[in-house]
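Asks: Sharing a structure here in structure tokens format.
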Amino acid sequence: MIALASDHGGFELKVEIKNKLEKEGYEVVDLGAYTEESVDYPVYGKKCAEEVAAKKAEKGIVICGSGIGISIAANKVKGIRCALCTSVEMAELAAKHNNANMLALGGRLTEKDLAFKIVDKWLNTEFEGGRHERRVKLLDCM
Ligand code: RB5
């Protein structure tokens, strides 16, 4: 299960990503927002992060206008490693080195085709483990 959430600034891109993932056969839960009406990104970042932390979803994708606010919100939840990615290379490293269980995107800064590539890379890259395991463990006990 992949949990998705956005504020109004990320709404449009979230819908695109949701449709794409569903078409590819992923099970997806959309935790809102459900319209482009102005809402507060901390509410949605937290909601999605809690779903992942509770293991109701394996991974989460959060989107606000820049991706910054909603990633900050998600990272306040224990056990969450949310990576704001603006390139395919960042998405690869977020999975390989940081074992990021959440991805954040900026709906107003990252266009759809690049966002799709970022999502694909993040979902399809394995955590490397090894020396990174120790570092991720240190993150998780902060
Ligand atoms: C909302 O206007 C905007 O501030 C929000 O989507 C996000 O970019 C915050 O970090």
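Just so we're on the same page: first chain in the structure tokens is A, next is B, and so on; residues restart at 1 for each chain, and ligands are numbered from 1 in the order they show up.
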Return as a PyMOL selection string the full set of residues in range 8-141 of chain A whose backbone-based DSSP assignment is helix (DSSP H, G or I).
Replies: chain A and resi 8-23+41-53+68-74+88-96+112-123+131-140
Asks: Include C-alpha atoms and write out the residues we just selected as a PDB file, in the first residue's frame.
Replies:
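Wrote part.pdb, looks like this:
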ATOM      1  CA  HIS A   8      -3.806  22.463  -2.370  1.00  0.00           C
ATOM      2  CA  GLY A   9      -0.376  23.264  -3.882  1.00  0.00           C
ATOM      3  CA  GLY A  10       0.280  19.589  -4.494  1.00  0.00           C
ATOM      4  CA  PHE A  11      -3.240  18.479  -5.293  1.00  0.00           C
ATOM      5  CA  GLU A  12      -2.973  18.379  -9.076  1.00  0.00           C
ATOM      6  CA  LEU A  13       0.306  16.432  -9.114  1.00  0.00           C
ATOM      7  CA  LYS A  14      -0.992  14.057  -6.436  1.00  0.00           C
ATOM      8  CA  VAL A  15      -3.996  13.162  -8.632  1.00  0.00           C
ATOM      9  CA  GLU A  16      -1.659  12.504 -11.584  1.00  0.00           C
ATOM     10  CA  ILE A  17       0.594  10.287  -9.465  1.00  0.00           C
ATOM     11  CA  LYS A  18      -2.360   8.458  -7.950  1.00  0.00           C
ATOM     12  CA  ASN A  19      -3.771   7.661 -11.405  1.00  0.00           C
ATOM     13  CA  LYS A  20      -0.388   6.548 -12.674  1.00  0.00           C
ATOM     14  CA  LEU A  21       0.267   4.232  -9.707  1.00  0.00           C
ATOM     15  CA  GLU A  22      -3.202   2.717  -9.860  1.00  0.00           C
ATOM     16  CA  LYS A  23      -2.764   2.052 -13.578  1.00  0.00           C
ATOM     17  CA  TYR A  41       0.196  21.213   4.727  1.00  0.00           C
ATOM     18  CA  PRO A  42       1.269  20.115   8.268  1.00  0.00           C
ATOM     19  CA  VAL A  43      -2.074  18.355   8.702  1.00  0.00           C
ATOM     20  CA  TYR A  44      -1.578  16.257   5.561  1.00  0.00           C
ATOM     21  CA  GLY A  45       2.113  15.595   6.059  1.00  0.00           C
ATOM     22  CA  LYS A  46       1.393  14.261   9.539  1.00  0.00           C
ATOM     23  CA  LYS A  47      -1.596  12.206   8.410  1.00  0.00           C
ATOM     24  CA  CYS A  48       0.401  10.419   5.720  1.00  0.00           C
ATOM     25  CA  ALA A  49       3.435   9.941   7.961  1.00  0.00           C
ATOM     26  CA  GLU A  50       1.309   8.389  10.702  1.00  0.00           C
ATOM     27  CA  GLU A  51      -0.113   5.916   8.188  1.00  0.00           C
ATOM     28  CA  VAL A  52       3.417   4.851   7.235  1.00  0.00           C
ATOM     29  CA  ALA A  53       4.726   4.839  10.831  1.00  0.00           C
ATOM     30  CA  ILE A  68       9.434  21.689   1.777  1.00  0.00           C
ATOM     31  CA  GLY A  69       6.691  22.263   4.326  1.00  0.00           C
ATOM     32  CA  ILE A  70       5.056  18.881   3.948  1.00  0.00           C
ATOM     33  CA  SER A  71       8.403  17.048   4.188  1.00  0.00           C
ATOM     34  CA  ILE A  72       9.231  18.923   7.392  1.00  0.00           C
ATOM     35  CA  ALA A  73       5.847  17.888   8.805  1.00  0.00           C
ATOM     36  CA  ALA A  74       6.297  14.228   7.828  1.00  0.00           C
ATOM     37  CA  VAL A  88      16.026  11.227 -10.333  1.00  0.00           C
ATOM     38  CA  GLU A  89      19.484  11.003  -8.788  1.00  0.00           C
ATOM     39  CA  MET A  90      18.180  12.291  -5.453  1.00  0.00           C
ATOM     40  CA  ALA A  91      15.369   9.726  -5.582  1.00  0.00           C
ATOM     41  CA  GLU A  92      17.876   6.942  -6.174  1.00  0.00           C
ATOM     42  CA  LEU A  93      20.083   8.047  -3.278  1.00  0.00           C
ATOM     43  CA  ALA A  94      17.083   8.536  -0.981  1.00  0.00           C
ATOM     44  CA  ALA A  95      16.226   4.861  -1.465  1.00  0.00           C
ATOM     45  CA  LYS A  96      19.764   3.431  -1.681  1.00  0.00           C
ATOM     46  CA  LYS A 112       4.732  15.897 -14.101  1.00  0.00           C
ATOM     47  CA  ASP A 113       7.094  13.880 -16.301  1.00  0.00           C
ATOM     48  CA  LEU A 114      10.059  14.451 -14.017  1.00  0.00           C
ATOM     49  CA  ALA A 115       7.904  13.735 -10.952  1.00  0.00           C
ATOM     50  CA  PHE A 116       6.871  10.401 -12.509  1.00  0.00           C
ATOM     51  CA  LYS A 117      10.516   9.490 -13.108  1.00  0.00           C
ATOM     52  CA  ILE A 118      11.392  10.426  -9.522  1.00  0.00           C
ATOM     53  CA  VAL A 119       8.554   8.267  -8.170  1.00  0.00           C
ATOM     54  CA  ASP A 120       9.567   5.311 -10.375  1.00  0.00           C
ATOM     55  CA  LYS A 121      13.193   5.493  -9.328  1.00  0.00           C
ATOM     56  CA  TRP A 122      12.363   5.797  -5.631  1.00  0.00           C
ATOM     57  CA  LEU A 123       9.897   2.900  -5.706  1.00  0.00           C
ATOM     58  CA  ARG A 131      27.290   1.107   6.282  1.00  0.00           C
ATOM     59  CA  HIS A 132      24.029   2.895   5.576  1.00  0.00           C
ATOM     60  CA  GLU A 133      22.135   0.546   7.899  1.00  0.00           C
ATOM     61  CA  ARG A 134      23.982   1.937  10.933  1.00  0.00           C
ATOM     62  CA  ARG A 135      23.258   5.525   9.893  1.00  0.00           C
ATOM     63  CA  VAL A 136      19.590   4.902   9.295  1.00  0.00           C
ATOM     64  CA  LYS A 137      19.353   3.218  12.706  1.00  0.00           C
ATOM     65  CA  LEU A 138      20.917   6.339  14.258  1.00  0.00           C
ATOM     66  CA  LEU A 139      18.270   8.458  12.544  1.00  0.00           C
ATOM     67  CA  ASP A 140      15.507   6.262  13.841  1.00  0.00           C
TER      68      ASP A 140
END
Asks: Can you list, as a ChimeraX atom specification, all residues belonging to range 42-82 of chain A that DSSP tags as strand (DSSP E or B)?
Replies: /A:59-64,82
Asks: Just write the chosen residues, all heavy atoms, as a short mmCIF file (atom, residue, chain, number, x, y, z; two decimals), in the first residue's frame.
Replies:
data_model
loop_
_atom_site.label_atom_id
_atom_site.label_comp_id
_atom_site.auth_asym_id
_atom_site.auth_seq_id
_atom_site.Cartn_x
_atom_site.Cartn_y
_atom_site.Cartn_z
N LYS A 59 4.82 2.69 2.13
CA LYS A 59 5.51 3.92 1.75
C LYS A 59 4.50 5.05 1.63
O LYS A 59 3.29 4.80 1.47
CB LYS A 59 6.21 3.74 0.41
CG LYS A 59 7.40 2.81 0.51
CD LYS A 59 8.12 2.64 -0.79
CE LYS A 59 9.38 1.80 -0.53
NZ LYS A 59 10.12 1.50 -1.72
N GLY A 60 5.01 6.30 1.66
CA GLY A 60 4.11 7.44 1.52
C GLY A 60 4.71 8.49 0.59
O GLY A 60 5.94 8.66 0.54
N ILE A 61 3.82 9.16 -0.13
CA ILE A 61 4.25 10.26 -1.00
C ILE A 61 3.46 11.50 -0.60
O ILE A 61 2.21 11.45 -0.54
CB ILE A 61 4.02 9.94 -2.49
CG1 ILE A 61 4.80 8.69 -2.89
CG2 ILE A 61 4.42 11.13 -3.37
CD1 ILE A 61 4.54 8.20 -4.33
N VAL A 62 4.16 12.58 -0.27
CA VAL A 62 3.49 13.82 0.13
C VAL A 62 3.90 14.96 -0.80
O VAL A 62 5.06 15.05 -1.22
CB VAL A 62 3.79 14.19 1.60
CG1 VAL A 62 2.99 13.32 2.55
CG2 VAL A 62 5.28 14.10 1.93
N ILE A 63 2.95 15.81 -1.10
CA ILE A 63 3.21 16.88 -2.07
C ILE A 63 2.57 18.19 -1.58
O ILE A 63 1.38 18.21 -1.26
CB ILE A 63 2.61 16.52 -3.46
CG1 ILE A 63 3.01 15.09 -3.86
CG2 ILE A 63 3.07 17.52 -4.52
CD1 ILE A 63 2.28 14.57 -5.09
N CYS A 64 3.38 19.24 -1.52
CA CYS A 64 2.83 20.58 -1.32
C CYS A 64 3.39 21.44 -2.45
O CYS A 64 3.92 20.90 -3.43
CB CYS A 64 3.13 21.14 0.08
SG CYS A 64 4.86 21.43 0.44
N CYS A 82 11.60 11.04 5.39
CA CYS A 82 10.93 11.61 4.22
C CYS A 82 11.95 12.44 3.43
O CYS A 82 12.54 13.38 3.97
CB CYS A 82 9.76 12.48 4.65
SG CYS A 82 8.88 13.21 3.25
#
Asks: Just how far from CA of Gly65 in chain A is atom 7 (C, counted along the ligand's line) of ligand 1, in Å to one decimal?
Replies: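 Separation between atom 7 (C, counted along the ligand's line) of ligand 1 and CA of Gly65 in chain A: 4.2 Å.
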Asks: With only C-alpha atoms and all ligand atoms as the basis for distance, which of A:Gly67, A:Gly130, A:Gly25, A:Gly79 is at the shortest distance from ligand 1?
Replies: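 Comparing A:Gly67, A:Gly130, A:Gly25, A:Gly79 against ligand 1, the winner is A:Gly67.
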Asks: From the set A:Arg108, A:Lys78, A:Lys56, A:His97, which residue has the shortest atom-to-atom contact distance to Ile2 in chain A, counting only C-alpha atoms?
Replies: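 With only C-alpha atoms as the atom set, the closest residue is A:Lys56.
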Asks: When you draw a straight line from atom 3 (C, counted along the ligand's line) of ligand 1 to CA of Asp40 in chain A, how long is it in Å?
Replies: 8.2 Å
Asks: Which of these residues is nearest to Glu111 in chain A, using only C-alpha atoms: A:Thr86, A:Asn98, A:Thr125, A:Val29?
Replies: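 Nearest to Glu111 in chain A: A:Thr86.
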Asks: Considering only C-alpha atoms and all ligand atoms, state which residue in the set A:Leu4, A:Ala54, A:Met102, A:Leu84 is at the smallest distance from ligand 1.
Replies: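 So, comparing all the options, the nearest one is A:Leu84.
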Asks: Hey, which of A:Gly129, A:Ser66, A:Ala104, A:Glu24 ends up closest to Ala83 in chain A? Count only C-alpha atoms.
Replies: A:Ala104
Asks: Pick the closest to ligand 1 from A:Met1, A:Val28, A:Leu109, A:Met142: which is it, counting only C-alpha atoms and all ligand atoms?
Replies: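 For ligand 1, the nearest of the given residues is A:Leu109.
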Asks: Can you work out the spacing between CA of Ala5 in chain A and CA of Phe127 in chain A in Å, to one decimal?
Replies: 23.6 Å
